[in-house]
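These notes concern the structure reproduced below.
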Amino acid sequence: MSADLSTRDRAGFGERALVNALLVAAVIYALYPVLWVISLALSSKSTPELRALPIPREVSLDNFRLVIGYGDGERAWLFARQVVNSVVVSLATAGVAVAIATPTAYALARHEFVGKRTGVRALLMTQMFPAVASAVPLYLILDTLGLLDTRSGLVLVYAATAVPFAIFQLRGAFMAIPVDLEEAAMVDGATRTQAFLKVALPAARPAIAVTSLYAFMSAWNEFILAATLLGRESAFTLPVVLQSYVGEYDAQWGAFAAGAILVSVPVMAFFYVAQRQLVSGLTSGGVKG
(Lines give C-alpha, C1' and ligand atoms only; values in the text may rest on other atoms or scores of the structure.)
Protein backbone atom coordinates (compact mmCIF):
# COMPACT_ATOMS: atom_id res chain seq x y z
CA MET A 1 0.00 0.00 0.00
CA SER A 2 2.79 2.42 0.93
CA ALA A 3 4.60 1.54 -2.29
CA ASP A 4 1.51 2.50 -4.29
CA LEU A 5 1.26 5.85 -2.45
CA SER A 6 4.91 6.66 -3.04
CA THR A 7 4.52 5.85 -6.73
CA ARG A 8 1.50 8.16 -6.95
CA ASP A 9 3.36 10.91 -5.11
CA ARG A 10 6.30 10.64 -7.52
CA ALA A 11 3.92 10.70 -10.48
CA GLY A 12 2.12 13.75 -9.08
CA PHE A 13 5.42 15.50 -8.41
CA GLY A 14 6.57 14.78 -11.96
CA GLU A 15 3.34 16.21 -13.42
CA ARG A 16 3.60 19.36 -11.30
CA ALA A 17 7.26 19.80 -12.24
CA LEU A 18 6.40 19.47 -15.93
CA VAL A 19 3.54 21.96 -15.66
CA ASN A 20 5.73 24.44 -13.76
CA ALA A 21 8.51 24.07 -16.33
CA LEU A 22 6.07 24.76 -19.16
CA LEU A 23 4.69 27.80 -17.33
CA VAL A 24 8.19 29.18 -16.74
CA ALA A 25 9.03 28.68 -20.41
CA ALA A 26 5.81 30.45 -21.43
CA VAL A 27 6.57 33.39 -19.13
CA ILE A 28 10.11 33.71 -20.49
CA TYR A 29 8.77 33.54 -24.04
CA ALA A 30 6.20 36.26 -23.28
CA LEU A 31 8.68 38.53 -21.46
CA TYR A 32 11.50 38.27 -23.99
CA PRO A 33 10.15 41.00 -26.32
CA VAL A 34 9.62 43.31 -23.33
CA LEU A 35 13.15 42.72 -22.05
CA TRP A 36 14.46 43.22 -25.59
CA VAL A 37 12.75 46.62 -25.89
CA ILE A 38 13.94 47.73 -22.44
CA SER A 39 17.52 46.68 -23.18
CA LEU A 40 17.43 48.41 -26.54
CA ALA A 41 16.09 51.61 -24.99
CA LEU A 42 18.84 51.65 -22.36
CA SER A 43 21.61 50.98 -24.87
CA SER A 44 23.98 53.80 -25.75
CA LYS A 45 24.70 52.48 -29.25
CA SER A 46 23.16 54.31 -32.17
CA THR A 47 22.68 51.07 -34.14
CA PRO A 48 22.49 48.22 -31.59
CA GLU A 49 22.45 44.56 -32.51
CA LEU A 50 18.91 43.40 -33.33
CA ARG A 51 19.45 39.66 -33.72
CA ALA A 52 19.75 38.84 -30.01
CA LEU A 53 18.94 40.38 -26.66
CA PRO A 54 21.00 43.60 -26.77
CA ILE A 55 22.22 43.59 -23.15
CA PRO A 56 23.76 47.06 -22.69
CA ARG A 57 27.27 47.12 -21.25
CA GLU A 58 26.61 50.64 -20.06
CA VAL A 59 23.13 51.84 -19.11
CA SER A 60 22.26 55.14 -20.76
CA LEU A 61 19.17 57.34 -20.84
CA ASP A 62 20.22 59.12 -24.02
CA ASN A 63 17.42 57.53 -26.04
CA PHE A 64 14.79 58.78 -23.60
CA ARG A 65 16.36 62.25 -23.65
CA LEU A 66 16.24 62.23 -27.44
CA VAL A 67 12.56 61.28 -27.52
CA ILE A 68 11.36 63.87 -24.98
CA GLY A 69 13.65 66.59 -26.36
CA TYR A 70 15.71 67.00 -23.20
CA GLY A 71 17.86 70.11 -23.50
CA ASP A 72 15.98 71.34 -26.58
CA GLY A 73 13.15 73.66 -25.59
CA GLU A 74 11.44 73.62 -28.98
CA ARG A 75 11.65 69.85 -29.32
CA ALA A 76 10.46 69.34 -25.73
CA TRP A 77 7.46 71.61 -26.34
CA LEU A 78 6.62 69.70 -29.52
CA PHE A 79 6.76 66.33 -27.74
CA ALA A 80 4.59 67.65 -24.90
CA ARG A 81 2.06 68.85 -27.50
CA GLN A 82 2.06 65.42 -29.15
CA VAL A 83 1.51 63.70 -25.79
CA VAL A 84 -1.45 66.02 -25.15
CA ASN A 85 -2.80 65.17 -28.61
CA SER A 86 -2.77 61.45 -27.84
CA VAL A 87 -4.31 61.89 -24.39
CA VAL A 88 -7.07 64.22 -25.58
CA VAL A 89 -7.93 62.14 -28.64
CA SER A 90 -7.97 58.85 -26.70
CA LEU A 91 -10.04 60.17 -23.79
CA ALA A 92 -12.48 61.92 -26.11
CA THR A 93 -12.84 58.77 -28.21
CA ALA A 94 -13.60 56.68 -25.12
CA GLY A 95 -16.07 59.27 -23.83
CA VAL A 96 -17.94 59.65 -27.12
CA ALA A 97 -18.04 55.91 -27.79
CA VAL A 98 -19.36 55.03 -24.32
CA ALA A 99 -21.86 57.91 -24.31
CA ILE A 100 -23.36 56.73 -27.61
CA ALA A 101 -23.07 52.99 -27.02
CA THR A 102 -24.51 52.82 -23.49
CA PRO A 103 -28.11 53.92 -24.18
CA THR A 104 -28.06 52.14 -27.54
CA ALA A 105 -26.94 48.87 -25.97
CA TYR A 106 -29.53 49.21 -23.21
CA ALA A 107 -32.31 49.71 -25.77
CA LEU A 108 -31.17 46.67 -27.75
CA ALA A 109 -31.02 44.56 -24.59
CA ARG A 110 -34.32 45.59 -23.01
CA HIS A 111 -36.74 46.67 -25.74
CA GLU A 112 -38.32 45.16 -28.83
CA PHE A 113 -38.93 47.51 -31.74
CA VAL A 114 -39.20 47.52 -35.50
CA GLY A 115 -35.83 47.18 -37.21
CA LYS A 116 -33.98 45.88 -34.14
CA ARG A 117 -32.62 42.75 -35.80
CA THR A 118 -31.73 44.64 -38.96
CA GLY A 119 -29.87 47.24 -36.92
CA VAL A 120 -27.92 44.59 -35.00
CA ARG A 121 -26.95 42.88 -38.25
CA ALA A 122 -25.88 46.18 -39.77
CA LEU A 123 -23.66 46.85 -36.75
CA LEU A 124 -22.21 43.37 -37.07
CA MET A 125 -21.41 43.98 -40.72
CA THR A 126 -19.42 47.08 -39.86
CA GLN A 127 -17.07 44.86 -37.83
CA MET A 128 -16.27 42.78 -40.91
CA PHE A 129 -14.37 45.56 -42.64
CA PRO A 130 -11.15 47.14 -41.32
CA ALA A 131 -11.19 50.87 -40.69
CA VAL A 132 -8.19 51.24 -43.02
CA ALA A 133 -10.42 50.29 -45.96
CA SER A 134 -12.35 53.54 -45.46
CA ALA A 135 -9.29 55.78 -45.16
CA VAL A 136 -9.83 57.53 -48.50
CA PRO A 137 -13.57 58.29 -47.98
CA LEU A 138 -12.81 59.47 -44.44
CA TYR A 139 -10.09 61.74 -45.76
CA LEU A 140 -12.47 63.31 -48.29
CA ILE A 141 -15.27 63.70 -45.71
CA LEU A 142 -13.03 65.40 -43.16
CA ASP A 143 -11.56 67.61 -45.86
CA THR A 144 -15.07 68.72 -46.88
CA LEU A 145 -16.03 69.40 -43.25
CA GLY A 146 -12.82 71.31 -42.57
CA LEU A 147 -11.77 68.79 -39.89
CA LEU A 148 -8.74 67.40 -41.67
CA ASP A 149 -5.53 67.57 -39.66
CA THR A 150 -7.42 68.27 -36.42
CA ARG A 151 -7.98 66.39 -33.18
CA SER A 152 -11.75 66.73 -33.53
CA GLY A 153 -11.74 64.97 -36.89
CA LEU A 154 -9.58 62.17 -35.55
CA VAL A 155 -11.92 61.70 -32.58
CA LEU A 156 -14.92 61.39 -34.90
CA VAL A 157 -13.15 58.76 -36.99
CA TYR A 158 -11.97 56.74 -33.99
CA ALA A 159 -15.34 56.95 -32.24
CA ALA A 160 -17.14 55.75 -35.36
CA THR A 161 -15.00 52.61 -35.40
CA ALA A 162 -15.24 52.02 -31.64
CA VAL A 163 -19.01 52.48 -31.22
CA PRO A 164 -20.17 49.19 -32.87
CA PHE A 165 -17.90 47.03 -30.70
CA ALA A 166 -18.86 49.04 -27.62
CA ILE A 167 -22.54 48.45 -28.35
CA PHE A 168 -22.08 44.68 -28.58
CA GLN A 169 -19.96 44.59 -25.42
CA LEU A 170 -22.44 46.62 -23.36
CA ARG A 171 -25.46 44.87 -24.82
CA GLY A 172 -24.17 41.59 -23.43
CA ALA A 173 -23.57 43.22 -20.06
CA PHE A 174 -27.10 44.64 -19.85
CA MET A 175 -28.60 41.30 -20.90
CA ALA A 176 -26.71 39.64 -18.05
CA ILE A 177 -28.35 41.99 -15.50
CA PRO A 178 -31.66 40.55 -14.19
CA VAL A 179 -34.68 42.51 -15.39
CA ASP A 180 -36.29 41.93 -11.97
CA LEU A 181 -33.98 44.54 -10.43
CA GLU A 182 -35.31 47.29 -12.68
CA GLU A 183 -38.89 46.11 -12.37
CA ALA A 184 -38.61 46.19 -8.57
CA ALA A 185 -37.31 49.74 -8.74
CA MET A 186 -40.22 50.78 -10.98
CA VAL A 187 -42.70 49.12 -8.63
CA ASP A 188 -41.26 51.34 -5.89
CA GLY A 189 -42.02 54.40 -8.00
CA ALA A 190 -38.95 54.83 -10.21
CA THR A 191 -39.37 55.76 -13.83
CA ARG A 192 -37.76 53.81 -16.67
CA THR A 193 -35.03 56.45 -16.90
CA GLN A 194 -34.38 56.31 -13.15
CA ALA A 195 -34.24 52.51 -13.25
CA PHE A 196 -31.66 52.75 -16.01
CA LEU A 197 -29.55 55.39 -14.28
CA LYS A 198 -29.73 54.07 -10.72
CA VAL A 199 -29.98 50.29 -11.22
CA ALA A 200 -28.78 49.09 -14.63
CA LEU A 201 -25.97 51.59 -15.11
CA PRO A 202 -24.22 50.93 -11.76
CA ALA A 203 -24.55 47.17 -12.32
CA ALA A 204 -22.91 47.51 -15.73
CA ARG A 205 -20.04 49.67 -14.43
CA PRO A 206 -17.35 46.96 -14.84
CA ALA A 207 -18.37 46.36 -18.45
CA ILE A 208 -18.36 50.10 -19.09
CA ALA A 209 -14.82 50.25 -17.70
CA VAL A 210 -13.69 47.52 -20.09
CA THR A 211 -15.40 49.19 -23.02
CA SER A 212 -13.84 52.54 -22.16
CA LEU A 213 -10.41 50.91 -21.99
CA TYR A 214 -10.90 49.28 -25.38
CA ALA A 215 -11.92 52.57 -26.98
CA PHE A 216 -9.04 54.37 -25.27
CA MET A 217 -6.44 51.80 -26.38
CA SER A 218 -7.76 51.60 -29.94
CA ALA A 219 -7.25 55.35 -30.28
CA TRP A 220 -3.99 55.42 -28.29
CA ASN A 221 -2.29 52.77 -30.45
CA GLU A 222 -3.78 53.53 -33.87
CA PHE A 223 -1.27 54.63 -36.50
CA ILE A 224 -2.46 54.24 -40.10
CA LEU A 225 -5.49 56.56 -39.97
CA ALA A 226 -3.59 59.10 -37.86
CA ALA A 227 -0.71 59.15 -40.35
CA THR A 228 -3.20 59.57 -43.20
CA LEU A 229 -5.38 62.27 -41.67
CA LEU A 230 -2.68 64.31 -39.89
CA GLY A 231 -0.09 66.36 -41.74
CA ARG A 232 1.25 68.89 -39.24
CA GLU A 233 3.93 67.64 -36.88
CA SER A 234 2.33 69.54 -34.00
CA ALA A 235 -0.90 67.56 -34.60
CA PHE A 236 0.77 64.14 -34.55
CA THR A 237 -0.19 61.51 -32.02
CA LEU A 238 2.45 59.34 -30.37
CA PRO A 239 2.26 56.34 -32.77
CA VAL A 240 3.00 58.68 -35.68
CA VAL A 241 5.89 60.16 -33.72
CA LEU A 242 7.34 56.68 -33.14
CA GLN A 243 7.20 55.91 -36.84
CA SER A 244 9.38 58.93 -37.56
CA TYR A 245 12.32 57.14 -35.92
CA VAL A 246 12.20 54.36 -38.53
CA GLY A 247 12.96 55.72 -41.97
CA GLU A 248 13.40 54.08 -45.35
CA TYR A 249 17.20 54.05 -45.18
CA ASP A 250 17.93 54.60 -41.50
CA ALA A 251 16.38 53.59 -38.18
CA GLN A 252 16.96 54.88 -34.66
CA TRP A 253 16.00 51.67 -32.89
CA GLY A 254 17.09 52.89 -29.48
CA ALA A 255 14.87 55.98 -29.69
CA PHE A 256 12.05 53.88 -31.11
CA ALA A 257 12.27 51.48 -28.15
CA ALA A 258 12.42 54.33 -25.64
CA GLY A 259 9.37 55.92 -27.23
CA ALA A 260 7.52 52.59 -27.17
CA ILE A 261 8.15 52.34 -23.42
CA LEU A 262 6.93 55.89 -22.81
CA VAL A 263 3.80 55.21 -24.85
CA SER A 264 3.09 51.99 -22.92
CA VAL A 265 3.43 53.46 -19.42
CA PRO A 266 -0.01 55.20 -19.21
CA VAL A 267 -1.87 52.09 -20.41
CA MET A 268 0.00 49.82 -17.98
CA ALA A 269 -0.73 52.23 -15.12
CA PHE A 270 -4.43 52.24 -15.99
CA PHE A 271 -4.48 48.44 -16.11
CA TYR A 272 -2.86 48.25 -12.69
CA VAL A 273 -5.27 50.72 -11.08
CA ALA A 274 -8.46 49.30 -12.62
CA GLN A 275 -7.57 45.61 -12.81
CA ARG A 276 -10.44 44.46 -10.55
CA GLN A 277 -13.04 46.34 -12.53
CA LEU A 278 -11.57 45.08 -15.79
CA VAL A 279 -11.61 41.40 -14.80
CA SER A 280 -15.20 41.51 -13.60
CA GLY A 281 -16.18 43.55 -16.65
CA LEU A 282 -14.73 41.02 -19.07
CA THR A 283 -16.69 38.19 -17.46
CA SER A 284 -19.98 40.11 -17.15
CA GLY A 285 -19.85 41.32 -20.73
CA GLY A 286 -19.44 37.81 -22.13
CA VAL A 287 -22.31 36.04 -20.37
CA LYS A 288 -24.91 36.68 -23.03
CA GLY A 289 -24.70 37.93 -26.59
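Numbering starts fresh at 1 for the residues of each chain in the C-alpha coordinates, the chains themselves are lettered A, B, ... in the order given, and ligands are numbered from 1 as they appear.
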Each residue of range 28-139 of chain A with at least one atom at most 12 Å from range 240-246 of chain A should appear once, together with its nearest atom pair and the corresponding distance in Å (one decimal); atoms considered: only C-alpha atoms; ordering: chain, then increasing residue number; output as JSON lines.
{"residue": "A:Ser46", "atom": "CA", "partner": "A:Tyr245", "partner_atom": "CA", "distance": 11.8}
{"residue": "A:Thr47", "atom": "CA", "partner": "A:Val246", "partner_atom": "CA", "distance": 11.8}
{"residue": "A:Asn63", "atom": "CA", "partner": "A:Tyr245", "partner_atom": "CA", "distance": 11.1}
{"residue": "A:Leu66", "atom": "CA", "partner": "A:Tyr245", "partner_atom": "CA", "distance": 10.6}
{"residue": "A:Val67", "atom": "CA", "partner": "A:Leu242", "partner_atom": "CA", "distance": 8.9}
{"residue": "A:Ile68", "atom": "CA", "partner": "A:Val241", "partner_atom": "CA", "distance": 11.0}
{"residue": "A:Leu78", "atom": "CA", "partner": "A:Val241", "partner_atom": "CA", "distance": 10.4}
{"residue": "A:Phe79", "atom": "CA", "partner": "A:Val241", "partner_atom": "CA", "distance": 8.6}
{"residue": "A:Ala80", "atom": "CA", "partner": "A:Val241", "partner_atom": "CA", "distance": 11.6}
{"residue": "A:Arg81", "atom": "CA", "partner": "A:Val241", "partner_atom": "CA", "distance": 11.4}
{"residue": "A:Gln82", "atom": "CA", "partner": "A:Val241", "partner_atom": "CA", "distance": 8.0}
{"residue": "A:Val83", "atom": "CA", "partner": "A:Val241", "partner_atom": "CA", "distance": 9.7}
{"residue": "A:Asn85", "atom": "CA", "partner": "A:Val240", "partner_atom": "CA", "distance": 11.2}
{"residue": "A:Ser86", "atom": "CA", "partner": "A:Val240", "partner_atom": "CA", "distance": 10.1}
Problem - Residues within 12 Å of Pro202 in chain A, only C-alpha atoms, excluding chain neighbours under 6 positions, as a list of chain:residue names - result: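 Contacts, in chain order: A:Thr102, A:Ala173, A:Phe174, A:Ile177, A:Leu181, A:Glu182, A:Gln194, A:Ala195, A:Phe196, A:Ile208, A:Ala209, A:Gly281.
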Problem - Distance of CA of Val98 in chain A from CA of Ala166 in chain A, expressed in Å to one decimal place - result: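 Answer for the CA of Ala166 in chain A to CA of Val98 in chain A separation: 6.9 Å.
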Within 10 Å of range 140-153 of chain A: each range 34-136 of chain A residue with its shortest pair, only C-alpha atoms, as JSON lines:
{"residue": "A:Asn85", "atom": "CA", "partner": "A:Arg151", "partner_atom": "CA", "distance": 7.0}
{"residue": "A:Ser86", "atom": "CA", "partner": "A:Arg151", "partner_atom": "CA", "distance": 9.0}
{"residue": "A:Val88", "atom": "CA", "partner": "A:Arg151", "partner_atom": "CA", "distance": 8.0}
{"residue": "A:Val89", "atom": "CA", "partner": "A:Arg151", "partner_atom": "CA", "distance": 6.2}
{"residue": "A:Ser90", "atom": "CA", "partner": "A:Arg151", "partner_atom": "CA", "distance": 9.9}
{"residue": "A:Ala92", "atom": "CA", "partner": "A:Ser152", "partner_atom": "CA", "distance": 8.9}
{"residue": "A:Thr93", "atom": "CA", "partner": "A:Ser152", "partner_atom": "CA", "distance": 9.6}
{"residue": "A:Ala135", "atom": "CA", "partner": "A:Leu140", "partner_atom": "CA", "distance": 8.8}
{"residue": "A:Val136", "atom": "CA", "partner": "A:Leu140", "partner_atom": "CA", "distance": 6.4}
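Distances from A:Val199, A:Val132, A:Val267, A:Ala258 to Ala227 in chain A were compared using only C-alpha atoms, and the smallest one belongs to A:Val132.
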Handout entry: From A:Leu225, A:Leu170, A:Leu201, A:Val34, residue lying nearest Pro137 in chain A [only C-alpha atoms]
Key =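 Closest to Pro137 in chain A, using only C-alpha atoms: A:Leu225.
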Practice task
Can you pull out every residue within 12 Å of range 114-117 of chain A, counting only C-alpha atoms, but drop anything in the same chain fewer than 6 positions away, and send it as a list in words?
Solution key: Thr104, Ala105, Ala107, Leu108, Leu123 and Leu124 of chain A
Can you spit out the residues from that selection as an mmCIF file, in the first residue's frame, using N, CA and C atoms?
data_model
loop_
_atom_site.group_PDB
_atom_site.id
_atom_site.type_symbol
_atom_site.label_atom_id
_atom_site.label_comp_id
_atom_site.auth_asym_id
_atom_site.auth_seq_id
_atom_site.Cartn_x
_atom_site.Cartn_y
_atom_site.Cartn_z
ATOM 1 N N THR A 104 -27.723 52.996 -26.407
ATOM 2 C CA THR A 104 -28.064 52.142 -27.544
ATOM 3 C C THR A 104 -28.061 50.666 -27.141
ATOM 4 N N ALA A 105 -27.030 50.265 -26.413
ATOM 5 C CA ALA A 105 -26.936 48.872 -25.969
ATOM 6 C C ALA A 105 -28.070 48.527 -25.015
ATOM 7 N N ALA A 107 -31.083 49.845 -24.978
ATOM 8 C CA ALA A 107 -32.311 49.713 -25.772
ATOM 9 C C ALA A 107 -32.348 48.378 -26.507
ATOM 10 N N LEU A 108 -31.213 47.947 -27.050
ATOM 11 C CA LEU A 108 -31.167 46.668 -27.753
ATOM 12 C C LEU A 108 -31.335 45.490 -26.802
ATOM 13 N N LEU A 123 -24.814 46.597 -37.618
ATOM 14 C CA LEU A 123 -23.662 46.855 -36.747
ATOM 15 C C LEU A 123 -22.627 45.736 -36.860
ATOM 16 N N LEU A 124 -23.125 44.498 -36.941
ATOM 17 C CA LEU A 124 -22.207 43.368 -37.073
ATOM 18 C C LEU A 124 -21.438 43.433 -38.381
#
Practice task
Determine which residues of range 34-260 of chain A DSSP labels as helix (DSSP H, G or I) from the backbone of this structure, then write them out as a count of residues only.
Solution key: 166
Exercise for the section: Compare A:Tyr214, A:Tyr70, A:Phe256, A:Phe236 by their minimum atom-to-atom distance to Phe165 in chain A, counting only C-alpha atoms, and give me the closest one. Expected result: A:Tyr214
Practice task
Point out the residue among A:Glu222, A:Val84, A:Ala17, A:Ile167 with the least atom-to-atom distance to Ala235 in chain A, counting only C-alpha atoms.
Solution key: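 Selected residue with least distance to Ala235 in chain A: A:Val84.
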